[in-house]
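So this block is my_file26.cif, mmCIF, C-alpha atoms:
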```cif
data_input
loop_
_atom_site.label_atom_id
_atom_site.label_comp_id
_atom_site.auth_asym_id
_atom_site.auth_seq_id
_atom_site.Cartn_x
_atom_site.Cartn_y
_atom_site.Cartn_z
CA MET A 27 24.94 20.17 6.66
CA SER A 28 22.75 18.29 9.13
CA THR A 29 21.22 15.24 7.45
CA PRO A 30 17.80 13.92 8.50
CA GLU A 31 17.61 10.25 9.38
CA HIS A 32 14.17 9.83 7.81
CA VAL A 33 12.66 11.75 4.88
CA ALA A 34 9.07 11.25 3.76
CA ILE A 35 7.70 12.49 0.44
CA ILE A 36 4.18 13.22 -0.80
CA MET A 37 4.73 12.74 -4.54
CA ASP A 38 2.09 15.14 -5.84
CA GLY A 39 1.37 16.65 -9.24
CA ASN A 40 1.61 13.81 -11.77
CA GLY A 41 -1.80 14.53 -13.28
CA ARG A 42 -1.28 18.29 -13.50
CA TRP A 43 2.16 17.76 -15.04
CA ALA A 44 0.57 15.65 -17.78
CA LYS A 45 -2.34 18.06 -18.31
CA ALA A 46 0.03 21.00 -18.74
CA ARG A 47 1.67 19.08 -21.59
CA GLY A 48 -1.52 17.86 -23.22
CA LEU A 49 -0.75 14.27 -22.22
CA PRO A 50 -2.92 11.57 -20.60
CA ARG A 51 -2.65 11.27 -16.82
CA VAL A 52 -0.85 7.94 -17.10
CA ALA A 53 2.04 9.75 -18.79
CA GLY A 54 2.43 11.82 -15.64
CA HIS A 55 2.44 8.70 -13.49
CA ARG A 56 5.09 7.11 -15.71
CA ALA A 57 7.27 10.21 -15.42
CA GLY A 58 6.67 10.14 -11.67
CA VAL A 59 8.16 6.63 -11.46
CA GLU A 60 11.38 7.94 -12.98
CA ALA A 61 11.41 10.79 -10.45
CA LEU A 62 11.05 8.18 -7.69
CA ARG A 63 14.07 6.30 -9.00
CA ASN A 64 16.08 9.52 -8.88
CA ALA A 65 14.86 10.30 -5.35
CA VAL A 66 15.93 6.88 -4.07
CA ARG A 67 19.41 7.37 -5.52
CA ALA A 68 19.63 10.90 -4.10
CA ALA A 69 18.58 9.71 -0.65
CA GLY A 70 21.18 6.96 -0.69
CA ASP A 71 23.91 9.34 -1.80
CA ALA A 72 22.95 11.81 0.94
CA GLY A 73 23.33 9.17 3.63
CA ILE A 74 19.66 9.15 4.59
CA GLY A 75 18.64 5.97 6.36
CA TRP A 76 14.90 5.97 5.69
CA LEU A 77 12.85 7.21 2.75
CA THR A 78 9.07 6.89 2.86
CA VAL A 79 6.99 7.68 -0.23
CA TYR A 80 3.23 8.09 -0.55
CA ALA A 81 2.64 5.81 -3.51
CA PHE A 82 -1.10 5.07 -3.39
CA SER A 83 -3.57 6.29 -0.80
CA SER A 84 -6.62 4.36 0.37
CA GLU A 85 -8.70 7.18 -1.15
CA ASN A 86 -7.17 6.64 -4.61
CA TRP A 87 -9.49 3.68 -5.24
CA SER A 88 -12.23 6.24 -5.95
CA ARG A 89 -10.38 7.47 -9.04
CA PRO A 90 -11.56 6.31 -12.50
CA LYS A 91 -11.04 2.58 -12.97
CA SER A 92 -8.77 3.14 -15.95
CA GLU A 93 -6.44 5.34 -13.91
CA VAL A 94 -6.37 2.88 -11.00
CA SER A 95 -5.55 0.10 -13.47
CA ASP A 96 -2.73 2.20 -14.92
CA LEU A 97 -1.34 2.86 -11.43
CA MET A 98 -1.41 -0.84 -10.56
CA GLY A 99 0.41 -1.59 -13.80
CA LEU A 100 3.10 0.95 -12.98
CA LEU A 101 3.53 -0.53 -9.49
CA LYS A 102 4.04 -3.96 -11.02
CA LEU A 103 6.47 -2.55 -13.56
CA PHE A 104 8.44 -0.68 -10.90
CA ILE A 105 8.86 -3.75 -8.71
CA ARG A 106 9.67 -6.11 -11.59
CA ARG A 107 12.08 -3.67 -13.25
CA ASP A 108 13.71 -2.06 -10.25
CA LEU A 109 13.66 -4.69 -7.50
CA ALA A 110 16.91 -6.36 -8.57
CA GLU A 111 18.70 -3.00 -8.72
CA LEU A 112 17.32 -1.94 -5.35
CA HIS A 113 18.45 -5.24 -3.86
CA GLN A 114 21.95 -4.93 -5.32
CA SER A 115 22.18 -1.38 -3.96
CA GLY A 116 21.42 -2.57 -0.43
CA VAL A 117 17.92 -1.08 -0.27
CA ARG A 118 15.41 -2.75 2.02
CA VAL A 119 11.82 -2.36 0.82
CA ARG A 120 9.06 -2.14 3.41
CA ILE A 121 5.35 -1.66 2.78
CA ILE A 122 2.87 0.16 5.02
CA GLY A 123 -0.86 0.33 4.49
CA GLU A 124 -3.84 -2.02 4.50
CA ARG A 125 -3.14 -5.25 2.64
CA GLN A 126 -6.40 -7.02 3.32
CA GLY A 127 -8.48 -7.10 0.15
CA LEU A 128 -5.59 -6.56 -2.28
CA THR A 129 -5.59 -8.78 -5.35
CA PRO A 130 -3.25 -11.80 -5.07
CA ASP A 131 -0.89 -10.52 -7.77
CA ILE A 132 -0.36 -7.16 -6.06
CA ALA A 133 -0.11 -8.69 -2.58
CA GLY A 134 2.38 -11.24 -3.88
CA LEU A 135 4.60 -8.60 -5.46
CA LEU A 136 4.67 -6.55 -2.27
CA GLU A 137 5.59 -9.60 -0.23
CA GLU A 138 8.27 -10.58 -2.75
CA ALA A 139 9.86 -7.13 -2.55
CA GLU A 140 9.99 -7.24 1.24
CA THR A 141 11.26 -10.82 1.44
CA LEU A 142 14.03 -10.41 -1.15
CA THR A 143 15.43 -7.24 0.41
CA ALA A 144 14.85 -8.06 4.10
CA GLY A 145 18.56 -8.37 4.89
CA ASN A 146 19.64 -5.07 3.31
CA ARG A 147 20.75 -2.14 5.44
CA MET A 148 21.96 0.71 3.20
CA LEU A 149 18.57 2.42 2.92
CA ASP A 150 15.04 1.57 3.99
CA LEU A 151 12.56 2.44 1.24
CA VAL A 152 9.10 2.49 2.81
CA ILE A 153 6.26 2.44 0.29
CA ALA A 154 2.92 3.67 1.61
CA PHE A 155 0.50 1.66 -0.51
CA ASN A 156 -3.27 1.55 0.04
CA TYR A 157 -2.38 3.80 2.97
CA GLY A 158 -4.42 6.36 4.87
CA GLY A 159 -3.28 7.86 8.14
CA ARG A 160 -6.67 7.82 9.83
CA ASP A 161 -7.26 4.26 8.70
CA GLU A 162 -3.87 3.26 10.13
CA ILE A 163 -4.75 4.78 13.51
CA VAL A 164 -8.14 3.05 13.55
CA ARG A 165 -6.55 -0.30 12.72
CA ALA A 166 -3.95 0.22 15.43
CA THR A 167 -6.69 1.11 17.92
CA ARG A 168 -8.48 -2.14 17.14
CA ARG A 169 -5.26 -4.07 17.75
CA VAL A 170 -4.78 -2.29 21.07
CA ALA A 171 -8.37 -3.08 22.07
CA GLU A 172 -7.89 -6.73 21.15
CA ALA A 173 -4.67 -6.92 23.19
CA ILE A 174 -6.51 -5.47 26.18
CA ARG A 175 -9.41 -7.91 25.70
CA LEU A 176 -6.99 -10.86 25.65
CA GLY A 177 -5.24 -9.60 28.77
CA ASP A 178 -1.94 -9.00 26.99
CA LEU A 179 -2.09 -5.28 27.74
CA LYS A 180 -3.61 -3.11 30.45
CA SER A 181 -5.41 0.06 29.44
CA ASP A 182 -3.37 2.07 31.96
CA ASP A 183 -0.20 0.93 30.20
CA VAL A 184 -1.17 2.45 26.84
CA THR A 185 1.23 5.36 26.32
CA PRO A 186 2.10 7.12 23.04
CA ASP A 187 5.16 4.90 22.70
CA VAL A 188 3.15 1.75 23.33
CA PHE A 189 0.46 2.83 20.87
CA ALA A 190 3.10 3.58 18.22
CA GLY A 191 4.11 -0.06 18.41
CA PHE A 192 0.72 -1.03 16.99
CA LEU A 193 1.01 1.26 13.95
CA ASP A 194 2.16 0.11 10.51
CA THR A 195 5.42 1.96 11.16
CA ALA A 196 6.27 0.09 14.38
CA GLY A 197 10.03 -0.02 14.79
CA MET A 198 10.65 2.81 12.34
CA PRO A 199 11.89 6.29 13.30
CA ASP A 200 9.43 9.14 12.80
CA PRO A 201 10.20 11.30 9.74
CA ASP A 202 12.41 14.27 10.48
CA LEU A 203 11.43 15.92 7.20
CA VAL A 204 8.29 15.69 5.05
CA ILE A 205 8.50 17.02 1.49
CA ARG A 206 5.47 17.72 -0.69
CA THR A 207 5.69 18.71 -4.33
CA SER A 208 3.21 20.56 -6.60
CA GLY A 209 2.84 23.65 -4.39
CA GLU A 210 0.00 22.21 -2.32
CA GLN A 211 0.46 22.81 1.41
CA ARG A 212 -1.43 20.05 3.18
CA MET A 213 -0.65 16.56 4.49
CA SER A 214 -3.47 14.64 2.77
CA ASN A 215 -3.82 12.00 5.49
CA PHE A 216 -0.13 11.04 5.28
CA LEU A 217 1.57 9.87 8.48
CA PRO A 218 -0.49 12.13 10.81
CA TRP A 219 0.78 10.42 13.96
CA GLN A 220 4.38 10.05 12.87
CA SER A 221 4.81 13.57 11.44
CA ALA A 222 3.56 15.43 14.53
CA TYR A 223 6.98 17.10 14.95
CA SER A 224 8.40 16.77 11.43
CA GLU A 225 9.80 19.70 9.51
CA LEU A 226 7.67 20.39 6.42
CA VAL A 227 9.01 21.61 3.07
CA PHE A 228 6.60 22.43 0.24
CA LEU A 229 8.11 22.68 -3.23
CA PRO A 230 6.35 24.29 -6.23
CA CYS A 231 7.51 21.73 -8.80
CA TYR A 232 5.29 18.87 -9.93
CA TRP A 233 6.56 15.46 -8.89
CA PRO A 234 7.74 14.35 -12.39
CA ASP A 235 10.03 17.43 -12.43
CA PHE A 236 11.54 16.57 -9.03
CA THR A 237 15.33 16.34 -9.33
CA ARG A 238 18.34 15.85 -7.11
CA GLU A 239 18.59 19.65 -6.94
CA HIS A 240 15.08 19.83 -5.48
CA PHE A 241 16.02 17.14 -2.96
CA ASP A 242 19.14 19.05 -1.97
CA GLU A 243 17.12 22.27 -1.60
CA ALA A 244 14.72 20.54 0.81
CA LEU A 245 17.68 19.23 2.79
CA ARG A 246 19.17 22.73 2.94
CA GLN A 247 15.91 24.13 4.29
CA TYR A 248 15.82 21.36 6.88
CA ALA A 249 19.41 22.02 7.96
CA ALA A 250 18.76 25.76 8.28
CA ARG A 251 15.81 25.14 10.58
CA GLU A 252 17.82 22.66 12.65
CA ARG A 253 20.53 25.29 13.17
CA ARG A 254 17.90 27.61 14.65
CA PHE A 255 17.26 24.90 17.23
CA GLY A 256 20.96 24.50 17.91
CA GLY A 257 21.09 21.09 16.25
CA VAL A 258 18.28 19.64 18.36
CA THR A 259 15.69 17.60 16.46
CA ALA A 260 12.07 18.69 16.35
CA GLN A 261 11.12 15.73 18.51
CA GLY A 262 13.70 16.78 21.06
CA VAL A 263 12.32 20.34 21.06
CA ALA A 264 8.83 19.00 21.62
CA GLN A 265 9.97 16.89 24.53
CA GLY A 266 11.73 19.89 26.02
CA VAL A 267 8.60 22.03 25.70
CA ALA A 268 6.48 19.30 27.24
CA SER A 269 8.82 19.04 30.21
#
```
Rewrite the structure from the file as structure tokens, please.
Amino acid sequence: MSTPEHVAIIMDGNGRWAKARGLPRVAGHRAGVEALRNAVRAAGDAGIGWLTVYAFSSENWSRPKSEVSDLMGLLKLFIRRDLAELHQSGVRVRIIGERQGLTPDIAGLLEEAETLTAGNRMLDLVIAFNYGGRDEIVRATRRVAEAIRLGDLKSDDVTPDVFAGFLDTAGMPDPDLVIRTSGEQRMSNFLPWQSAYSELVFLPCYWPDFTREHFDEALRQYAARERRFGGVTAQGVAQGVAS
């Protein structure tokens, strides 16, 4: 079976999972953390090099303060509880998203996770935190404009590849496969630039119910689509069409 180099996941449905069971939303988020642990292990076992997860969007700050506080607590718990295991397993943690304005405790934890695991190479776990795709593109555009103003870059030299180097994901491969749980079929401002040619798989299960079997099913769907292209990646197909 053809294995994607980079899988990205929109972990959706925690709140609805909890509501269906008569539980508070935070219970769904807690169960979602366990599903994330399982997904990281499944990705490593499948030989995937990059796993990007949509952990907290820039729009999530508009949720009730109590829920935001619960989510921040779970992030702290995940890093404090799981960082040592991730490090021992050879996982490199990378963070994308806007860090300006984060509280010192959260910013410090994110930096600690990246610094401790910087030398690992078994799997890159990319956590999209305080992330919004449009915001990322705007921030990248400002950096490009500043480089042009300083004379470090000419406007005529700005190509898609050059622009990609100013994004949060600079140096990372684009996702080959994007998975979204909960049955919703939209991207929700997640990696709009990077996923332009990604295969999309939408699963009906809520994120806390996501298992290795669901992961394998998404990989099977990806492999079946790749076979229709004769083993050529979606990006390669796009380049061929453009030429």
Closest atom pairs, residues of stretch 100-219 of chain A within 6 Å of stretch 33-47 of chain A, all atoms listed in the file, as CSV:
```
residue,atom,partner,partner_atom,distance
A:Pro201,CA,A:Val33,CA,5.5
A:Leu203,CA,A:Val33,CA,4.9
A:Val204,CA,A:Ala34,CA,4.7
A:Ile205,CA,A:Ile35,CA,4.7
A:Arg206,CA,A:Ile36,CA,4.7
A:Thr207,CA,A:Asp38,CA,5.3
A:Ser208,CA,A:Gly39,CA,5.1
```
* To do: For the structure provided, state which residues fall under the PyMOL selection byres ((chain A and resi 82-92) around 12), and present them as a ChimeraX atom specification.
  => /A:36-38,41,50-52,55,79-81,93-101,121-128,153-162,213-217
From the list A:Ala222, A:Ala139, A:Ala171, A:Leu77, the nearest residue to A:Arg106 using all atoms listed in the file is A:Ala139
Take the PyMOL selection byres ((chain A and resi 149) around 10), run it mentally on this structure, and tell me the resulting residues as a list of chain:residue names.
A:His32, A:Val66, A:Arg67, A:Ala69, A:Gly70, A:Asp71, A:Gly73, A:Ile74, A:Gly75, A:Trp76, A:Leu77, A:Leu112, A:Ser115, A:Gly116, A:Val117, A:Arg118, A:Val119, A:Asn146, A:Arg147, A:Met148, A:Asp150, A:Leu151, A:Val152
Could you please determine the separation between atom CA of A:Pro234 and atom CA of A:Ala61 in Å, to one decimal place?
->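 Value for the atom CA of A:Pro234-atom CA of A:Ala61 distance: 5.5 Å.
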Calculated over all atoms listed in the file, which of the candidates A:Ala249, A:Ala173, A:Leu49, A:Leu179 has the smallest distance to A:Thr29?
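Of the candidates, the smallest distance to A:Thr29 is held by A:Ala249.
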Kindly resolve the PyMOL selection byres ((chain A and resi 188-195) around 7) on the present coordinates and return the residues as a count of residues only.
-> 14
Computed gap from atom CA of A:Asp200 to atom CA of A:Ala57 is 28.3 Å
Computed gap from atom CA of A:Trp219 to atom CA of A:Glu140 is 23.6 Å
Of the candidates A:Glu252, A:Thr167, A:Pro230, A:Pro199, which one gets nearest to A:Gln211 if we count all atoms listed in the file?
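Residue with the minimum atom-to-atom distance to A:Gln211: A:Pro230.
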Closest of A:Ala244, A:Leu229, A:Ala68, A:Leu135 to A:Phe104, counting all atoms listed in the file, is A:Leu135
Residue with the minimum atom-to-atom distance to A:Arg63, picked from A:Ser221, A:Pro30, A:Arg238, A:Pro130 with all atoms listed in the file counted, is A:Arg238
Could stretch 131-238 of chain A be written out with C-alpha atoms, as a compact mmCIF listing (two decimals), in the first residue's frame, please?
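Saved to decode39.txt:
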```
# COMPACT_ATOMS: atom_id res chain seq x y z
CA ASP A 131 3.40 29.63 30.46
CA ILE A 132 1.90 28.39 27.19
CA ALA A 133 4.64 29.94 25.04
CA GLY A 134 7.28 28.42 27.31
CA LEU A 135 5.78 24.93 27.07
CA LEU A 136 5.65 25.11 23.29
CA GLU A 137 9.26 26.22 23.12
CA GLU A 138 10.30 23.50 25.56
CA ALA A 139 8.64 20.82 23.44
CA GLU A 140 10.39 22.01 20.29
CA THR A 141 13.80 22.43 21.94
CA LEU A 142 13.83 19.05 23.69
CA THR A 143 12.85 17.08 20.58
CA ALA A 144 14.72 19.13 17.95
CA GLY A 145 17.20 16.35 17.18
CA ASN A 146 14.64 13.58 16.67
CA ARG A 147 13.93 12.15 13.23
CA MET A 148 11.48 9.23 13.51
CA LEU A 149 8.34 11.34 13.09
CA ASP A 150 7.62 15.06 12.90
CA LEU A 151 4.51 15.92 14.94
CA VAL A 152 3.36 19.36 13.86
CA ILE A 153 0.86 20.98 16.22
CA ALA A 154 -1.22 23.77 14.70
CA PHE A 155 -1.87 25.94 17.75
CA ASN A 156 -3.49 29.38 17.62
CA TYR A 157 -3.47 28.69 13.89
CA GLY A 158 -5.62 30.02 11.08
CA GLY A 159 -4.76 29.53 7.43
CA ARG A 160 -5.76 32.99 6.28
CA ASP A 161 -3.89 34.56 9.18
CA GLU A 162 -0.80 32.55 8.25
CA ILE A 163 -0.95 33.80 4.66
CA VAL A 164 -1.39 37.41 5.80
CA ARG A 165 1.57 37.13 8.17
CA ALA A 166 3.68 35.59 5.40
CA THR A 167 2.66 38.39 3.04
CA ARG A 168 3.82 40.97 5.57
CA ARG A 169 7.18 39.20 5.84
CA VAL A 170 7.51 39.17 2.05
CA ALA A 171 6.67 42.89 1.90
CA GLU A 172 9.24 43.64 4.58
CA ALA A 173 11.91 41.64 2.73
CA ILE A 174 11.15 43.63 -0.43
CA ARG A 175 11.27 46.92 1.49
CA LEU A 176 14.69 46.03 2.92
CA GLY A 177 15.98 45.05 -0.51
CA ASP A 178 16.48 41.42 0.43
CA LEU A 179 13.95 40.29 -2.17
CA LYS A 180 12.70 41.61 -5.50
CA SER A 181 8.99 41.53 -6.21
CA ASP A 182 9.62 39.82 -9.56
CA ASP A 183 11.35 36.99 -7.70
CA VAL A 184 8.29 36.10 -5.61
CA THR A 185 7.15 32.70 -6.89
CA PRO A 186 4.89 30.17 -5.14
CA ASP A 187 7.98 28.33 -3.90
CA VAL A 188 9.55 31.53 -2.60
CA PHE A 189 6.31 32.58 -0.90
CA ALA A 190 5.99 29.15 0.74
CA GLY A 191 9.31 29.81 2.44
CA PHE A 192 7.67 32.62 4.41
CA LEU A 193 4.83 30.45 5.73
CA ASP A 194 4.82 28.80 9.15
CA THR A 195 5.40 25.48 7.38
CA ALA A 196 8.59 26.57 5.60
CA GLY A 197 10.79 23.55 5.02
CA MET A 198 7.97 21.06 5.54
CA PRO A 199 6.43 18.93 2.78
CA ASP A 200 2.82 19.70 1.87
CA PRO A 201 0.32 17.17 3.24
CA ASP A 202 -0.45 14.33 0.87
CA LEU A 203 -3.57 13.42 2.82
CA VAL A 204 -5.93 15.48 5.00
CA ILE A 205 -8.33 13.58 7.27
CA ARG A 206 -11.33 15.17 8.96
CA THR A 207 -13.50 13.38 11.49
CA SER A 208 -17.12 14.00 12.60
CA GLY A 209 -18.67 13.80 9.12
CA GLU A 210 -18.19 17.49 8.35
CA GLN A 211 -16.81 18.09 4.86
CA ARG A 212 -14.98 21.40 4.98
CA MET A 213 -11.43 22.57 5.68
CA SER A 214 -12.18 25.19 8.36
CA ASN A 215 -9.24 27.44 7.50
CA PHE A 216 -6.72 24.61 7.92
CA LEU A 217 -3.61 24.70 5.71
CA PRO A 218 -5.37 26.31 2.70
CA TRP A 219 -2.10 26.96 0.86
CA GLN A 220 -0.43 23.67 1.70
CA SER A 221 -3.44 21.42 1.00
CA ALA A 222 -4.15 22.75 -2.50
CA TYR A 223 -3.46 19.31 -4.00
CA SER A 224 -3.97 17.06 -0.97
CA GLU A 225 -6.25 14.05 -1.01
CA LEU A 226 -9.17 14.57 1.39
CA VAL A 227 -10.80 11.83 3.45
CA PHE A 228 -13.86 12.61 5.59
CA LEU A 229 -14.75 10.08 8.27
CA PRO A 230 -18.12 9.94 10.06
CA CYS A 231 -16.71 9.13 13.51
CA TYR A 232 -16.20 11.80 16.16
CA TRP A 233 -12.56 12.44 16.99
CA PRO A 234 -12.62 10.72 20.45
CA ASP A 235 -13.75 7.51 18.67
CA PHE A 236 -10.89 7.69 16.15
CA THR A 237 -8.89 4.45 16.24
CA ARG A 238 -6.03 2.82 14.40
```
